[in-house]
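What follows is the content of model22.txt (compact mmCIF, C-alpha atoms).
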```txt
# COMPACT_ATOMS: atom_id res chain seq x y z
CA VAL G 24 209.02 36.65 -29.89
CA PRO G 25 208.43 40.32 -30.56
CA ALA G 26 204.80 41.33 -30.32
CA LEU G 27 203.06 42.45 -33.48
CA VAL G 28 201.62 45.89 -32.87
CA ARG G 29 198.72 46.70 -35.13
CA HIS G 30 197.82 50.33 -35.59
CA VAL G 31 194.25 51.03 -36.59
CA ASP G 32 192.54 54.37 -37.02
CA ASP G 33 189.44 55.49 -35.13
CA ARG G 34 187.14 54.56 -38.01
CA ALA G 35 188.49 51.00 -38.14
CA LEU G 36 188.06 50.67 -34.37
CA LEU G 37 184.43 51.74 -34.64
CA VAL G 38 183.84 49.22 -37.44
CA LEU G 39 185.50 46.44 -35.40
CA ALA G 40 183.41 47.30 -32.33
CA LEU G 41 180.22 47.26 -34.39
CA VAL G 42 181.12 43.92 -36.01
CA GLU G 43 181.83 42.40 -32.58
CA ASN G 44 178.46 43.65 -31.35
CA ILE G 45 176.67 42.15 -34.38
CA GLN G 46 178.32 38.78 -33.75
CA ARG G 47 176.82 38.49 -30.23
CA ALA G 48 174.80 35.28 -29.92
CA ASP G 49 171.87 36.99 -28.18
CA LEU G 50 171.34 39.63 -30.87
CA GLY G 51 167.87 39.68 -32.45
CA ALA G 52 167.37 39.65 -36.22
CA LEU G 53 166.33 43.31 -36.38
CA GLU G 54 169.23 44.45 -34.18
CA GLU G 55 171.51 42.52 -36.51
CA ALA G 56 169.90 44.20 -39.53
CA LYS G 57 170.37 47.64 -37.96
CA GLY G 58 174.03 46.80 -37.36
CA TYR G 59 174.49 45.84 -41.01
CA ALA G 60 172.72 49.03 -42.07
CA ALA G 61 175.08 51.09 -39.90
CA LEU G 62 178.10 49.41 -41.48
CA ARG G 63 176.70 50.16 -44.92
CA GLU G 64 175.44 53.70 -44.39
CA GLU G 65 177.89 55.12 -41.85
CA PHE G 66 181.06 53.37 -43.00
CA GLY G 67 180.30 52.71 -46.67
CA LEU G 68 180.80 48.94 -46.54
CA THR G 69 179.30 46.85 -49.34
CA GLN G 70 177.20 43.77 -48.60
CA ASN G 71 180.16 41.58 -49.62
CA GLU G 72 182.45 43.44 -47.19
CA ILE G 73 179.88 43.16 -44.39
CA ALA G 74 179.49 39.44 -45.09
CA ALA G 75 183.26 38.91 -44.92
CA ALA G 76 183.53 40.94 -41.70
CA VAL G 77 180.80 39.02 -39.84
CA GLY G 78 181.51 35.59 -41.33
CA LYS G 79 178.22 35.15 -43.18
CA SER G 80 177.19 34.82 -46.82
CA ARG G 81 176.24 37.92 -48.79
CA SER G 82 172.74 36.54 -49.33
CA ALA G 83 172.30 36.08 -45.56
CA VAL G 84 173.32 39.71 -44.99
CA ALA G 85 171.01 40.89 -47.79
CA ASN G 86 168.05 38.92 -46.44
CA THR G 87 168.60 40.28 -42.94
CA LEU G 88 168.82 43.87 -44.24
CA ARG G 89 165.51 43.42 -46.05
CA LEU G 90 163.76 43.07 -42.68
CA LEU G 91 164.22 46.83 -42.16
CA ALA G 92 161.77 47.40 -45.04
CA LEU G 93 158.95 45.87 -42.98
CA PRO G 94 156.31 48.20 -41.46
CA PRO G 95 156.94 49.19 -37.80
CA SER G 96 154.00 47.08 -36.55
CA VAL G 97 155.55 43.91 -38.03
CA ARG G 98 159.03 44.82 -36.78
CA ARG G 99 157.56 45.07 -33.26
CA LEU G 100 156.07 41.58 -33.62
CA ILE G 101 159.51 40.26 -34.59
CA ASP G 102 161.16 42.15 -31.72
CA ASP G 103 158.79 40.67 -29.13
CA GLY G 104 159.10 37.16 -30.55
CA SER G 105 155.54 36.89 -31.90
CA LEU G 106 157.00 36.46 -35.39
CA SER G 107 160.40 35.21 -36.55
CA ALA G 108 162.76 36.68 -39.14
CA GLY G 109 161.50 33.94 -41.48
CA HIS G 110 157.95 35.26 -41.09
CA GLY G 111 159.23 38.75 -41.91
CA ARG G 112 160.96 37.58 -45.08
CA ALA G 113 157.79 35.76 -46.18
CA LEU G 114 155.76 38.96 -45.75
CA LEU G 115 158.16 40.91 -47.98
CA ALA G 116 156.68 39.09 -50.98
CA LEU G 117 153.83 41.60 -50.58
CA ASN G 118 154.37 45.19 -51.68
CA ASP G 119 151.72 47.03 -49.68
CA SER G 120 152.55 47.95 -46.08
CA VAL G 121 148.90 47.71 -44.98
CA GLN G 122 148.62 44.19 -46.41
CA ILE G 123 151.91 43.23 -44.76
CA SER G 124 150.76 44.59 -41.39
CA ASP G 125 147.36 42.86 -41.59
CA LEU G 126 148.75 39.48 -42.58
CA GLY G 127 151.58 39.78 -40.04
CA ARG G 128 149.07 40.44 -37.26
CA LYS G 129 146.96 37.46 -38.34
CA ALA G 130 150.05 35.23 -38.44
CA ALA G 131 151.05 36.31 -34.93
CA GLU G 132 147.54 35.87 -33.52
CA GLY G 133 147.13 32.46 -35.16
CA ARG G 134 150.68 31.37 -34.33
CA TRP G 135 151.26 30.38 -37.94
CA SER G 136 154.45 28.63 -38.97
CA VAL G 137 156.61 30.27 -41.65
CA ARG G 138 155.32 27.71 -44.18
CA GLU G 139 151.72 28.53 -43.27
CA LEU G 140 152.41 32.24 -43.71
CA GLU G 141 154.17 31.65 -47.05
CA ALA G 142 151.10 29.73 -48.27
CA ALA G 143 148.82 32.56 -47.07
CA VAL G 144 150.97 35.17 -48.85
CA LYS G 145 150.85 33.18 -52.11
CA ALA G 146 147.09 32.80 -51.82
CA PHE G 147 146.74 36.52 -51.06
CA VAL G 148 148.84 37.46 -54.09
CA ARG G 149 146.85 35.18 -56.38
CA GLY G 150 143.63 36.67 -55.06
CA SER G 151 144.76 40.28 -55.56
CA ALA G 152 145.08 40.18 -59.35
CA PRO G 153 143.45 43.10 -61.21
CA PRO G 154 139.76 42.81 -62.16
CA GLY G 155 138.80 41.31 -65.51
CA GLY G 156 140.82 38.15 -65.01
CA ALA G 157 144.12 39.73 -66.08
CA LYS G 158 147.16 38.24 -64.44
CA ARG G 159 149.67 40.47 -62.71
CA PRO G 160 153.05 39.80 -64.36
CA THR G 161 155.02 40.74 -61.26
CA THR G 162 153.57 37.82 -59.35
CA GLN G 163 153.16 35.36 -62.21
CA ASP G 164 156.35 35.81 -64.24
CA PRO G 165 159.35 34.14 -62.52
CA ALA G 166 161.81 36.30 -64.50
CA VAL G 167 160.22 39.53 -63.24
CA ALA G 168 160.08 38.14 -59.70
CA ALA G 169 163.80 37.28 -59.91
CA LEU G 170 164.63 40.80 -61.15
CA GLU G 171 162.55 42.30 -58.34
CA GLU G 172 164.34 40.15 -55.76
CA SER G 173 167.75 41.07 -57.17
CA LEU G 174 166.87 44.78 -57.03
CA GLN G 175 165.69 44.42 -53.42
CA VAL G 176 169.02 42.85 -52.49
CA ALA G 177 170.97 45.60 -54.27
CA MET G 178 168.88 48.40 -52.76
CA GLY G 179 168.59 46.93 -49.27
CA SER G 180 164.88 47.76 -49.27
CA ARG G 181 161.61 46.71 -50.86
CA VAL G 182 161.32 47.24 -54.61
CA ALA G 183 158.14 46.73 -56.63
CA ILE G 184 158.09 46.16 -60.39
CA ARG G 185 154.68 46.80 -61.98
CA TRP G 186 153.63 46.22 -65.60
CA SER G 187 150.79 48.12 -67.27
CA GLY G 188 149.91 45.18 -69.51
CA LYS G 189 151.02 47.15 -72.60
CA GLY G 190 154.71 46.37 -72.23
CA ASP G 191 155.70 49.40 -70.14
CA GLY G 192 155.80 49.64 -66.39
CA THR G 193 157.27 51.21 -63.27
CA ILE G 194 159.84 50.40 -60.63
CA ARG G 195 158.82 51.63 -57.18
CA ILE G 196 161.48 52.16 -54.50
CA PRO G 197 160.09 53.43 -51.18
CA PHE G 198 162.35 55.44 -48.86
CA LYS G 199 162.11 56.64 -45.27
CA GLY G 200 163.17 60.24 -44.90
CA PRO G 201 165.79 62.45 -46.57
CA ARG G 202 168.78 60.36 -45.47
CA ASP G 203 167.32 57.18 -46.94
CA LEU G 204 166.51 59.03 -50.17
CA GLU G 205 170.16 60.11 -50.38
CA ARG G 206 171.21 56.47 -49.87
CA VAL G 207 168.91 55.30 -52.69
CA PHE G 208 170.17 58.11 -54.95
CA HIS G 209 173.78 57.13 -54.25
CA ILE G 210 173.13 53.43 -55.00
CA ILE G 211 171.48 54.27 -58.34
CA THR G 212 173.80 57.03 -59.55
CA GLY G 213 177.04 56.47 -57.65
CA LYS G 214 176.93 60.17 -56.70
CA ASP G 215 176.31 61.99 -53.43
CA ALA G 216 173.07 63.97 -53.33
CA SER G 217 175.00 66.97 -51.97
CA ASP G 218 176.97 67.12 -55.24
CA VAL G 219 173.72 67.65 -57.14
CA VAL G 220 171.66 69.86 -54.83
CA GLY G 221 174.59 71.83 -53.49
```
Encoded form (structure tokens):
Amino acid sequence: VPALVRHVDDRALLVLALVENIQRADLGALEEAKGYAALREEFGLTQNEIAAAVGKSRSAVANTLRLLALPPSVRRLIDDGSLSAGHGRALLALNDSVQISDLGRKAAEGRWSVRELEAAVKAFVRGSAPPGGAKRPTTQDPAVAALEESLQVAMGSRVAIRWSGKGDGTIRIPFKGPRDLERVFHIITGKDASDVVG
């Protein structure tokens, strides 16, 4: 039987090598997330394409990518096994990096389960409403929370929707350095930043 010779270019070989590395059984959640990010940013793969390449659901890829939005102190706790990826995802319900770091440290020190941390996050959010008894729509309105979650999946990073209480509001998308800003710009506009700034 004649052998089937498959010719692939250098780019495809790099993608295949990266996918094989991601599929290693001993890979940590953050290493996996960094691999997905490399496939997305360096090779332009969508979350659906990454999911198909590594044999996982798109939501699993999206949730893993979200871990990269955690503060460095929490990522270190996940790396050393003090916290799990599930703990990290629970902390992403908070939008302030200082709050995330503080609660992550407490969870690691107290050896909280993911469920215990989720309960603590919910209690923290309820207790951080603005003064005067006004409720914060972003934490109380399920529709807004769903939109925020969907935006976080699309952006591959934390997104915060905030209402003023008068019907208007803001969408906050943090970025880490010029390259990440260019990535965010490209996701929103479909254009390369270099086409705009020259």
If we count all atoms listed in the file, what is near Ser180 in chain G at a cut-off of 6 Å, once residues fewer than 3 positions away on the same chain are taken out, given as a ChimeraX atom specification?
-> /G:89,92,175
From G:Gly58, G:Ala146, G:Arg181, G:Ala52, residue lying nearest Ser107 in chain G [all atoms listed in the file] =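 Checking each of G:Gly58, G:Ala146, G:Arg181, G:Ala52 against Ser107 in chain G, counting all atoms listed in the file, the winner is G:Ala52.
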Neighbours of range 61-64 of chain G within 12 Å (only C-alpha atoms; same-chain residues fewer than 4 positions away dropped), as a PDB file with C-alpha atoms, in the coordinates of the input?
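Output contents, as saved in part_6.pdb:
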```pdb
ATOM      1  CA  ARG G  34     187.140  54.560 -38.010  1.00  0.00           C
ATOM      2  CA  ALA G  35     188.490  51.000 -38.140  1.00  0.00           C
ATOM      3  CA  LEU G  37     184.430  51.740 -34.640  1.00  0.00           C
ATOM      4  CA  VAL G  38     183.840  49.220 -37.440  1.00  0.00           C
ATOM      5  CA  LEU G  39     185.500  46.440 -35.400  1.00  0.00           C
ATOM      6  CA  ALA G  40     183.410  47.300 -32.330  1.00  0.00           C
ATOM      7  CA  LEU G  41     180.220  47.260 -34.390  1.00  0.00           C
ATOM      8  CA  VAL G  42     181.120  43.920 -36.010  1.00  0.00           C
ATOM      9  CA  GLU G  43     181.830  42.400 -32.580  1.00  0.00           C
ATOM     10  CA  ASN G  44     178.460  43.650 -31.350  1.00  0.00           C
ATOM     11  CA  ILE G  45     176.670  42.150 -34.380  1.00  0.00           C
ATOM     12  CA  GLU G  54     169.230  44.450 -34.180  1.00  0.00           C
ATOM     13  CA  GLU G  55     171.510  42.520 -36.510  1.00  0.00           C
ATOM     14  CA  ALA G  56     169.900  44.200 -39.530  1.00  0.00           C
ATOM     15  CA  LYS G  57     170.370  47.640 -37.960  1.00  0.00           C
ATOM     16  CA  LEU G  68     180.800  48.940 -46.540  1.00  0.00           C
ATOM     17  CA  THR G  69     179.300  46.850 -49.340  1.00  0.00           C
ATOM     18  CA  GLN G  70     177.200  43.770 -48.600  1.00  0.00           C
ATOM     19  CA  ASN G  71     180.160  41.580 -49.620  1.00  0.00           C
ATOM     20  CA  GLU G  72     182.450  43.440 -47.190  1.00  0.00           C
ATOM     21  CA  ILE G  73     179.880  43.160 -44.390  1.00  0.00           C
ATOM     22  CA  ALA G  74     179.490  39.440 -45.090  1.00  0.00           C
ATOM     23  CA  ALA G  76     183.530  40.940 -41.700  1.00  0.00           C
ATOM     24  CA  VAL G  77     180.800  39.020 -39.840  1.00  0.00           C
ATOM     25  CA  VAL G  84     173.320  39.710 -44.990  1.00  0.00           C
ATOM     26  CA  ALA G  85     171.010  40.890 -47.790  1.00  0.00           C
ATOM     27  CA  LEU G  88     168.820  43.870 -44.240  1.00  0.00           C
ATOM     28  CA  LEU G  91     164.220  46.830 -42.160  1.00  0.00           C
ATOM     29  CA  ALA G 177     170.970  45.600 -54.270  1.00  0.00           C
ATOM     30  CA  MET G 178     168.880  48.400 -52.760  1.00  0.00           C
ATOM     31  CA  GLY G 179     168.590  46.930 -49.270  1.00  0.00           C
ATOM     32  CA  ARG G 202     168.780  60.360 -45.470  1.00  0.00           C
ATOM     33  CA  ASP G 203     167.320  57.180 -46.940  1.00  0.00           C
ATOM     34  CA  LEU G 204     166.510  59.030 -50.170  1.00  0.00           C
ATOM     35  CA  GLU G 205     170.160  60.110 -50.380  1.00  0.00           C
ATOM     36  CA  ARG G 206     171.210  56.470 -49.870  1.00  0.00           C
ATOM     37  CA  VAL G 207     168.910  55.300 -52.690  1.00  0.00           C
ATOM     38  CA  HIS G 209     173.780  57.130 -54.250  1.00  0.00           C
ATOM     39  CA  ILE G 210     173.130  53.430 -55.000  1.00  0.00           C
TER      40      ILE G 210
END
```
Set the distance at 12 Å and use only C-alpha atoms: which residues neighbour Asp218 in chain G once local chain neighbours fewer than 3 positions away are removed? I'd like the list as a PDB file with C-alpha atoms, in the frame of the given file.
```
ATOM      1  CA  GLU G 205     170.160  60.110 -50.380  1.00  0.00           C
ATOM      2  CA  PHE G 208     170.170  58.110 -54.950  1.00  0.00           C
ATOM      3  CA  HIS G 209     173.780  57.130 -54.250  1.00  0.00           C
ATOM      4  CA  THR G 212     173.800  57.030 -59.550  1.00  0.00           C
ATOM      5  CA  GLY G 213     177.040  56.470 -57.650  1.00  0.00           C
ATOM      6  CA  LYS G 214     176.930  60.170 -56.700  1.00  0.00           C
ATOM      7  CA  ASP G 215     176.310  61.990 -53.430  1.00  0.00           C
ATOM      8  CA  GLY G 221     174.590  71.830 -53.490  1.00  0.00           C
TER       9      GLY G 221
END
```
CA of Val167 in chain G and CA of Arg149 in chain G, how far apart in Å?
-> 15.6 Å
Rank nothing, just name the residue among G:Ala60, G:Leu115, G:Ile211, G:Ala108 nearest to Glu171 in chain G, using all atoms listed in the file.
->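 Ranking G:Ala60, G:Leu115, G:Ile211, G:Ala108 by distance to Glu171 in chain G, first place goes to G:Leu115.
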Interatomic distance, CA of Ala113 in chain G to CA of Glu141 in chain G (Å, one decimal) =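 CA of Glu141 in chain G lies 5.5 Å from CA of Ala113 in chain G.
When all atoms listed in the file are used to measure the gap to Arg98 in chain G, the shortest distance among G:Thr193, G:Lys129, G:Ala168, G:Arg112 belongs to G:Arg112.
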